[in-house]
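Notes to accompany the following structure.
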Amino acid sequence: MQAINIIGAGLAGLSAAMTLAEHGVSCNLISIYQSERAQSVLAEGGINAALDTMGEEDDISYHFQDTMAGGVWLADPNAVDNLTRNAPDLVRKLASIGVPFHIEDGRIIQRNFGGQKKKRTAYAKSSTGKVLVSALIDEVRKYEAQGLVTRFAHHEFIRLLLEDGRCAGVRIRDSFSGEVYDFPGKVILASGGMNGVFPEMTTGTVANSGDVTATVFSQGVRLSNLEMLQYHPTTIGIAGKRCLVTEAARGEGGRLFIRRNGEAWYFMEEKYPELKNLMPRDVVSREIFFVSHREDCDGQVWLDMTGLPEATWEKKLSDLREEIMHYLPIDPKTDPIPVEPGIHYFMGGIDTNVHHQTNIRDLYAAGECTSQYHGANRLGGNSLLGAVFGGKTAAENLLYGWIDADDPLSEKPLTAELLETKLQQKSGTDPQNVPFKAERITEEGKTQEGLLEPAAPAFVYEVRDILLSGLGIVRNEARLNESLDALQAMRQKIRNQREEQRFHLAEAMLQCALARKESRGAHYREDYPEREETYRKTLLVNNTDDGIKLTFRDLPERLG
């Protein structure tokens, strides 16, 4: 078996690499930057699992229900069932390899997070993503020493290598030398969200450029639910980006207010007395949008954390306080901070089934670049879970496909017991019987490739502004059509393939938002303000020779 090529070295990529190596299968971990600079490091609040350490009688069925309801019933129920059912064991394993979760009296402490009725979010102060990445890096380094994982940091994904309808490898470029290579073998995409499509307007790193998604889209990989962009309700503006104020701030008691007629109005507590400031993110962002546009309000929403106990700041939110004081001349212990919604997460992306398979044979995907777990809105704490579990699941199912290529996977998730049985049956087979060898591309080949020139910054920013106009928190048909017209007028400005691919990705996002004539989760249409059951379907999008093609696919029934 050829070494597996993993594109992306954040949590999903690290998890996939660790899983393959645990089974003795070698892999190449390919990324533009080192894992320490991955988007995963910026995740703050925690990771969800129904551990029931807080005496609230939590259960995986409640985690499933909250995730499906939070995603407004648009997620794949079998994928969500698999995710939530395996979450407790996954978090326990993470603790066993050294993730320093907050522990008291020998139990992992869990906090409240938005859209969930139980304390379910395990955390490490407000730096959970950072410590998860560090722990997985340490594990992967052990396998590097054994020769099972080979890192290719500072290498850029160019395109997939496709042969007879299957993925046969990847073409990559060394960012230092400029050399281009073909890496044969099956592929797991773990390239993250599309932050670079909205430079300076997201909480994420623009290193997640969206170019991988745009490129594979141009090569026939199907995408889905691209209209679903999550606006996190509490961000602060800094030079060049939006800075996230973790949901943990509200989970620990932070309160949102706006001044109405000169008085503080805690609008979320008045309208949503049960969950208050911890309603799902799409709801909170929308309410902030509405109240900030009221004539009797002053337009600025504030996050008030001044009433939090000293122990909460010391044990749970010290990192957050330091970050806020670094960027604002405000101490959140003594004064409210100004916040506003900012683009934070992409629920839509590469379309995969419950096994993380794409529509291209031997091509898998995991993490934020995919779309099966979160539906129309992601719950806080489910992103880290989806990344780690998604990488693990993609690797296991790819391995199963190698072990039993003639036994097609059903819609039911692969179990650890079945995988172990198949491994035992194949115990005499060496999974690494084909030595890895990269093929260097000639100068002529690099010239013909035409993908090495990046999109011009002016082009990127103009596309961004067009998308922001159409894909705001509140949308309507007129504005979406205006954005599509403005985008079409840019066609004559396209100068290279990266720009063309970005153009088509932007076009697909706008067309998806136009096609979904309802309001669901992060997609709010003021001209179609109600949720419609007829649109409770996955919106598929293909880039064809005849243009962008959209189709709605029924969601699968939940299996037993």
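Following the order of the structure tokens, chains are lettered A, B, ..., residues in each are numbered from 1, and ligands are numbered from 1.
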Near-Asn382 (chain A) list (9 Å; only C-alpha atoms; drop same-chain fewer than 6 positions) as a list in words: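 The residues satisfying every condition are Gly46, Ile47, Asn48, Ala49, Thr67, Thr121, Tyr373 and His374 of chain A.
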List every residue of region 165-245 of chain A that DSSP, applied to the backbone of this structure, assigns to helix (DSSP H, G or I), and report them as a tab-separated table (two decimals) with C-alpha atoms, in the first residue's frame.
chain	number	residue	atom	x	y	z
A	195	ASN	CA	-11.14	31.80	5.95
A	196	GLY	CA	-8.98	33.16	3.14
A	197	VAL	CA	-12.09	33.77	1.04
A	211	ASP	CA	-7.68	27.16	-2.26
A	212	VAL	CA	-7.77	23.42	-1.55
A	213	THR	CA	-11.57	23.38	-1.54
A	214	ALA	CA	-11.71	25.61	-4.62
A	215	THR	CA	-9.21	23.43	-6.48
A	216	VAL	CA	-10.83	20.07	-5.78
A	217	PHE	CA	-14.22	21.63	-6.62
A	218	SER	CA	-12.82	22.45	-10.06
Enumerate, in order of chain and increasing residue number, the residues of region 268-337 of chain A with an atom no farther than 10 Å from region 524-546 of chain A, each with its shortest atom pair and distance in Å to one decimal, counting only C-alpha atoms, as JSON lines.
{"residue": "A:Asp282", "atom": "CA", "partner": "A:Tyr524", "partner_atom": "CA", "distance": 9.0}
{"residue": "A:Val283", "atom": "CA", "partner": "A:Tyr524", "partner_atom": "CA", "distance": 10.0}
{"residue": "A:Arg286", "atom": "CA", "partner": "A:Tyr524", "partner_atom": "CA", "distance": 8.5}
I need the residues from that last selection saved to file as a PDB file, in the first residue's frame (with N, CA and C atoms), if you can.
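Below you can see part.pdb, which holds the result:
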ATOM      1  N   ASP A 282     -26.203  31.091  15.842  1.00  0.00           N
ATOM      2  CA  ASP A 282     -26.947  31.775  14.786  1.00  0.00           C
ATOM      3  C   ASP A 282     -28.022  32.667  15.383  1.00  0.00           C
ATOM      4  N   VAL A 283     -28.663  32.198  16.447  1.00  0.00           N
ATOM      5  CA  VAL A 283     -29.720  32.974  17.098  1.00  0.00           C
ATOM      6  C   VAL A 283     -29.131  34.222  17.753  1.00  0.00           C
ATOM      7  N   ARG A 286     -27.967  36.816  15.182  1.00  0.00           N
ATOM      8  CA  ARG A 286     -29.115  37.469  14.542  1.00  0.00           C
ATOM      9  C   ARG A 286     -29.739  38.492  15.487  1.00  0.00           C
TER      10      ARG A 286
END
I'd like the neighbourhood of Phe503 (chain A) as a PyMOL selection string, where a residue qualifies if any of its atoms comes within 9 Å (using only C-alpha atoms), though same-chain residues fewer than 6 positions away should be ignored. chain A and resi 214+463+487-488+490-491+494
Could you turn the residues from that selection into a file that holds N, CA and C atoms, as a PDB file, in the first residue's frame?
ATOM      1  N   ALA A 214     -11.435  25.060  -3.287  1.00  0.00           N
ATOM      2  CA  ALA A 214     -11.712  25.612  -4.618  1.00  0.00           C
ATOM      3  C   ALA A 214     -11.099  24.744  -5.710  1.00  0.00           C
ATOM      4  N   VAL A 463     -13.603  40.052  -4.464  1.00  0.00           N
ATOM      5  CA  VAL A 463     -14.516  38.913  -4.307  1.00  0.00           C
ATOM      6  C   VAL A 463     -15.059  38.872  -2.882  1.00  0.00           C
ATOM      7  N   LEU A 487     -20.289  39.774  -9.225  1.00  0.00           N
ATOM      8  CA  LEU A 487     -19.275  38.735  -9.397  1.00  0.00           C
ATOM      9  C   LEU A 487     -19.081  38.405 -10.872  1.00  0.00           C
ATOM     10  N   GLN A 488     -20.172  38.281 -11.610  1.00  0.00           N
ATOM     11  CA  GLN A 488     -20.061  37.974 -13.042  1.00  0.00           C
ATOM     12  C   GLN A 488     -19.292  39.069 -13.779  1.00  0.00           C
ATOM     13  N   MET A 490     -16.802  40.491 -12.756  1.00  0.00           N
ATOM     14  CA  MET A 490     -15.377  40.304 -12.480  1.00  0.00           C
ATOM     15  C   MET A 490     -14.740  39.225 -13.353  1.00  0.00           C
ATOM     16  N   ARG A 491     -15.544  38.499 -14.093  1.00  0.00           N
ATOM     17  CA  ARG A 491     -15.010  37.385 -14.874  1.00  0.00           C
ATOM     18  C   ARG A 491     -13.877  37.832 -15.798  1.00  0.00           C
ATOM     19  N   ILE A 494     -10.170  37.819 -14.424  1.00  0.00           N
ATOM     20  CA  ILE A 494      -9.472  36.583 -14.061  1.00  0.00           C
ATOM     21  C   ILE A 494      -8.195  36.458 -14.879  1.00  0.00           C
TER      22      ILE A 494
END
Near region 300-312 of chain A, counting only C-alpha atoms, which residues have an atom at most 10 Å away, once you skip same-chain residues fewer than 5 positions from it, shown as a PyMOL selection string? chain A and resi 125+233-234+245+249-250+252-259+264-267+288-289+291-293+317-318+331-341
Since we have the selection now, will you write its residues out, keeping N, CA and C atoms, as a JSON list (two decimals), in the first residue's frame?
[["chain", "number", "residue", "atom", "x", "y", "z"],
["A", 125, "LYS", "N", -8.70, 25.74, 30.54],
["A", 125, "LYS", "CA", -8.85, 27.20, 30.59],
["A", 125, "LYS", "C", -9.56, 27.67, 29.31],
["A", 233, "PRO", "N", -21.13, 35.32, 17.57],
["A", 233, "PRO", "CA", -21.72, 36.57, 18.07],
["A", 233, "PRO", "C", -20.75, 37.50, 18.78],
["A", 234, "THR", "N", -19.65, 36.97, 19.32],
["A", 234, "THR", "CA", -18.77, 37.84, 20.12],
["A", 234, "THR", "C", -17.35, 37.82, 19.57],
["A", 245, "VAL", "N", -13.89, 36.17, 20.99],
["A", 245, "VAL", "CA", -14.10, 36.14, 22.43],
["A", 245, "VAL", "C", -14.89, 34.87, 22.71],
["A", 249, "ALA", "N", -16.88, 32.59, 27.78],
["A", 249, "ALA", "CA", -17.13, 33.82, 28.55],
["A", 249, "ALA", "C", -18.59, 33.90, 28.95],
["A", 250, "ARG", "N", -19.48, 33.52, 28.03],
["A", 250, "ARG", "CA", -20.91, 33.50, 28.35],
["A", 250, "ARG", "C", -21.28, 32.23, 29.10],
["A", 252, "GLU", "N", -19.59, 30.90, 31.36],
["A", 252, "GLU", "CA", -19.23, 31.11, 32.77],
["A", 252, "GLU", "C", -20.01, 32.26, 33.40],
["A", 253, "GLY", "N", -20.92, 32.88, 32.64],
["A", 253, "GLY", "CA", -21.78, 33.90, 33.23],
["A", 253, "GLY", "C", -21.75, 35.26, 32.58],
["A", 254, "GLY", "N", -20.98, 35.44, 31.49],
["A", 254, "GLY", "CA", -20.97, 36.72, 30.79],
["A", 254, "GLY", "C", -22.34, 37.04, 30.20],
["A", 255, "ARG", "N", -22.70, 38.33, 30.16],
["A", 255, "ARG", "CA", -24.03, 38.75, 29.72],
["A", 255, "ARG", "C", -23.92, 39.80, 28.61],
["A", 256, "LEU", "N", -24.77, 39.66, 27.61],
["A", 256, "LEU", "CA", -24.82, 40.61, 26.50],
["A", 256, "LEU", "C", -25.85, 41.69, 26.79],
["A", 257, "PHE", "N", -25.49, 42.95, 26.49],
["A", 257, "PHE", "CA", -26.48, 44.02, 26.62],
["A", 257, "PHE", "C", -26.21, 45.10, 25.59],
["A", 258, "ILE", "N", -27.23, 45.91, 25.36],
["A", 258, "ILE", "CA", -27.12, 47.11, 24.54],
["A", 258, "ILE", "C", -27.82, 48.23, 25.29],
["A", 259, "ARG", "N", -27.40, 49.44, 25.06],
["A", 259, "ARG", "CA", -28.05, 50.57, 25.74],
["A", 259, "ARG", "C", -29.27, 51.00, 24.94],
["A", 264, "ALA", "N", -29.03, 49.95, 30.20],
["A", 264, "ALA", "CA", -28.56, 48.64, 29.76],
["A", 264, "ALA", "C", -29.73, 47.68, 29.60],
["A", 265, "TRP", "N", -29.84, 47.09, 28.42],
["A", 265, "TRP", "CA", -30.93, 46.15, 28.12],
["A", 265, "TRP", "C", -30.30, 44.78, 27.84],
["A", 266, "TYR", "N", -30.53, 43.82, 28.72],
["A", 266, "TYR", "CA", -30.00, 42.47, 28.55],
["A", 266, "TYR", "C", -31.00, 41.68, 27.69],
["A", 267, "PHE", "N", -30.91, 41.93, 26.40],
["A", 267, "PHE", "CA", -31.95, 41.51, 25.46],
["A", 267, "PHE", "C", -32.07, 39.99, 25.33],
["A", 288, "ILE", "N", -28.25, 40.12, 17.87],
["A", 288, "ILE", "CA", -27.33, 41.27, 17.93],
["A", 288, "ILE", "C", -27.54, 42.17, 16.71],
["A", 289, "PHE", "N", -27.68, 41.56, 15.55],
["A", 289, "PHE", "CA", -27.92, 42.34, 14.33],
["A", 289, "PHE", "C", -29.20, 43.16, 14.46],
["A", 291, "VAL", "N", -31.02, 44.09, 17.24],
["A", 291, "VAL", "CA", -31.07, 45.14, 18.26],
["A", 291, "VAL", "C", -30.13, 46.30, 17.93],
["A", 292, "SER", "N", -29.02, 46.00, 17.26],
["A", 292, "SER", "CA", -28.08, 47.07, 16.93],
["A", 292, "SER", "C", -28.61, 47.99, 15.84],
["A", 293, "HIS", "N", -29.67, 47.55, 15.14],
["A", 293, "HIS", "CA", -30.28, 48.39, 14.11],
["A", 293, "HIS", "C", -31.57, 49.06, 14.58],
["A", 317, "LEU", "N", -10.61, 31.53, 32.87],
["A", 317, "LEU", "CA", -10.61, 32.55, 31.82],
["A", 317, "LEU", "C", -9.39, 33.47, 31.86],
["A", 318, "SER", "N", -8.33, 33.04, 32.50],
["A", 318, "SER", "CA", -7.15, 33.92, 32.60],
["A", 318, "SER", "C", -6.55, 34.20, 31.22],
["A", 331, "ASP", "N", -9.95, 46.24, 30.87],
["A", 331, "ASP", "CA", -9.85, 45.05, 31.72],
["A", 331, "ASP", "C", -11.26, 44.47, 31.85],
["A", 332, "PRO", "N", -11.52, 43.29, 31.27],
["A", 332, "PRO", "CA", -12.89, 42.75, 31.29],
["A", 332, "PRO", "C", -13.37, 42.39, 32.69],
["A", 333, "LYS", "N", -12.47, 42.35, 33.66],
["A", 333, "LYS", "CA", -12.90, 42.11, 35.04],
["A", 333, "LYS", "C", -13.65, 43.30, 35.60],
["A", 334, "THR", "N", -13.35, 44.49, 35.06],
["A", 334, "THR", "CA", -13.93, 45.71, 35.64],
["A", 334, "THR", "C", -14.82, 46.49, 34.68],
["A", 335, "ASP", "N", -14.71, 46.21, 33.37],
["A", 335, "ASP", "CA", -15.50, 46.97, 32.40],
["A", 335, "ASP", "C", -16.01, 46.05, 31.29],
["A", 336, "PRO", "N", -17.23, 46.31, 30.78],
["A", 336, "PRO", "CA", -17.74, 45.54, 29.63],
["A", 336, "PRO", "C", -16.87, 45.79, 28.40],
["A", 337, "ILE", "N", -16.89, 44.85, 27.47],
["A", 337, "ILE", "CA", -16.12, 45.00, 26.23],
["A", 337, "ILE", "C", -17.08, 45.06, 25.04],
["A", 338, "PRO", "N", -16.75, 45.85, 24.01],
["A", 338, "PRO", "CA", -17.60, 45.92, 22.81],
["A", 338, "PRO", "C", -17.39, 44.69, 21.94],
["A", 339, "VAL", "N", -18.48, 44.10, 21.48],
["A", 339, "VAL", "CA", -18.40, 42.90, 20.64],
["A", 339, "VAL", "C", -19.34, 43.06, 19.44],
["A", 340, "GLU", "N", -19.07, 42.28, 18.41],
["A", 340, "GLU", "CA", -19.94, 42.21, 17.25],
["A", 340, "GLU", "C", -19.73, 40.87, 16.56],
["A", 341, "PRO", "N", -20.71, 40.40, 15.79],
["A", 341, "PRO", "CA", -20.56, 39.12, 15.10],
["A", 341, "PRO", "C", -19.47, 39.17, 14.04]]
Residues at most 6 Å from Gln110 (chain A), counting only C-alpha atoms, excluding those fewer than 3 positions away in the same chain, as an MDAnalysis selection string? chainID A and resid 119:122
Between CA of Arg361 (chain A) and CA of Asp182 (chain A), what is the distance in Å, rounded to a tenth?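 Interatomic distance, CA of Arg361 (chain A) to CA of Asp182 (chain A): 18.3 Å.
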Check region 44-157 of chain A with DSSP on the backbone and list each residue it calls strand (DSSP E or B), as number ranges by chain. A: 47-48, 103-104, 107-108, 110-111, 121-122, 149-153, 155-157
Dump C-alpha atoms for the selected residues as a PDB file, in the first residue's frame?
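Done, and the output landed in result-v3.pdb:
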ATOM      1  CA  ILE A  47     -14.590  19.857  23.355  1.00  0.00           C
ATOM      2  CA  ASN A  48     -17.980  18.221  23.854  1.00  0.00           C
ATOM      3  CA  ILE A 103      -9.750  18.297  36.627  1.00  0.00           C
ATOM      4  CA  GLU A 104     -11.118  18.409  40.161  1.00  0.00           C
ATOM      5  CA  ARG A 107     -12.971  14.071  37.258  1.00  0.00           C
ATOM      6  CA  ILE A 108     -12.909  16.157  34.101  1.00  0.00           C
ATOM      7  CA  GLN A 110     -17.301  20.418  32.099  1.00  0.00           C
ATOM      8  CA  ARG A 111     -18.865  23.804  31.429  1.00  0.00           C
ATOM      9  CA  THR A 121     -17.789  20.875  27.348  1.00  0.00           C
ATOM     10  CA  ALA A 122     -14.413  19.682  28.659  1.00  0.00           C
ATOM     11  CA  VAL A 149       4.820   9.596   9.624  1.00  0.00           C
ATOM     12  CA  THR A 150       6.783  11.903   7.327  1.00  0.00           C
ATOM     13  CA  ARG A 151       6.154  15.638   7.644  1.00  0.00           C
ATOM     14  CA  PHE A 152       6.186  17.945   4.646  1.00  0.00           C
ATOM     15  CA  ALA A 153       5.676  21.360   6.224  1.00  0.00           C
ATOM     16  CA  HIS A 155       4.496  22.430   1.059  1.00  0.00           C
ATOM     17  CA  GLU A 156       1.527  23.769  -0.889  1.00  0.00           C
ATOM     18  CA  PHE A 157      -1.251  21.636  -2.330  1.00  0.00           C
TER      19      PHE A 157
END
Long-range neighbours of Gln34 (chain A) as a ChimeraX atom specification, 8 Å cut-off, only C-alpha atoms, 4 positions minimum in chain: /A:9,38,153-154
Those same residues, written as a short mmCIF file (atom, residue, chain, number, x, y, z; two decimals), in the first residue's frame with N, CA and C atoms?
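Result written to out24.cif:
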data_model
loop_
_atom_site.label_atom_id
_atom_site.label_comp_id
_atom_site.auth_asym_id
_atom_site.auth_seq_id
_atom_site.Cartn_x
_atom_site.Cartn_y
_atom_site.Cartn_z
N ALA A 9 -2.31 19.82 8.55
CA ALA A 9 -1.67 19.29 9.76
C ALA A 9 -2.25 19.89 11.03
N ALA A 38 -1.55 25.96 12.98
CA ALA A 38 -2.83 25.57 12.40
C ALA A 38 -3.97 26.35 13.05
N ALA A 153 6.12 20.00 5.94
CA ALA A 153 5.68 21.36 6.22
C ALA A 153 6.23 22.28 5.14
N HIS A 154 5.58 23.42 4.97
CA HIS A 154 5.96 24.40 3.95
C HIS A 154 5.82 23.81 2.54
#
Contacts of Ala365 (chain A) at 9 Å (only C-alpha atoms; same-chain gap of 6+ positions) as JSON, numbers by chain: {"A": [187, 188, 189, 190, 191, 350, 351, 352, 356, 357, 358, 390, 391, 394]}
Go ahead and dump the residues you just picked, C-alpha atoms, as a PDB file, in the first residue's frame.
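Writing done, so here's again_34.pdb:
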ATOM      1  CA  VAL A 187      -5.622  11.100   0.013  1.00  0.00           C
ATOM      2  CA  ILE A 188      -7.287  12.537   3.107  1.00  0.00           C
ATOM      3  CA  LEU A 189      -8.135  16.240   2.833  1.00  0.00           C
ATOM      4  CA  ALA A 190      -7.934  18.012   6.200  1.00  0.00           C
ATOM      5  CA  SER A 191      -7.344  21.515   4.892  1.00  0.00           C
ATOM      6  CA  ILE A 350     -16.682  19.013   0.825  1.00  0.00           C
ATOM      7  CA  ASP A 351     -19.598  16.595   0.687  1.00  0.00           C
ATOM      8  CA  THR A 352     -18.825  13.322   2.463  1.00  0.00           C
ATOM      9  CA  HIS A 356     -15.840  10.541   5.294  1.00  0.00           C
ATOM     10  CA  GLN A 357     -15.703   9.342   1.692  1.00  0.00           C
ATOM     11  CA  THR A 358     -16.126  11.945  -1.053  1.00  0.00           C
ATOM     12  CA  GLY A 390     -13.325  13.080  11.769  1.00  0.00           C
ATOM     13  CA  GLY A 391      -9.617  12.544  11.171  1.00  0.00           C
ATOM     14  CA  ALA A 394     -11.527   9.015   7.766  1.00  0.00           C
TER      15      ALA A 394
END
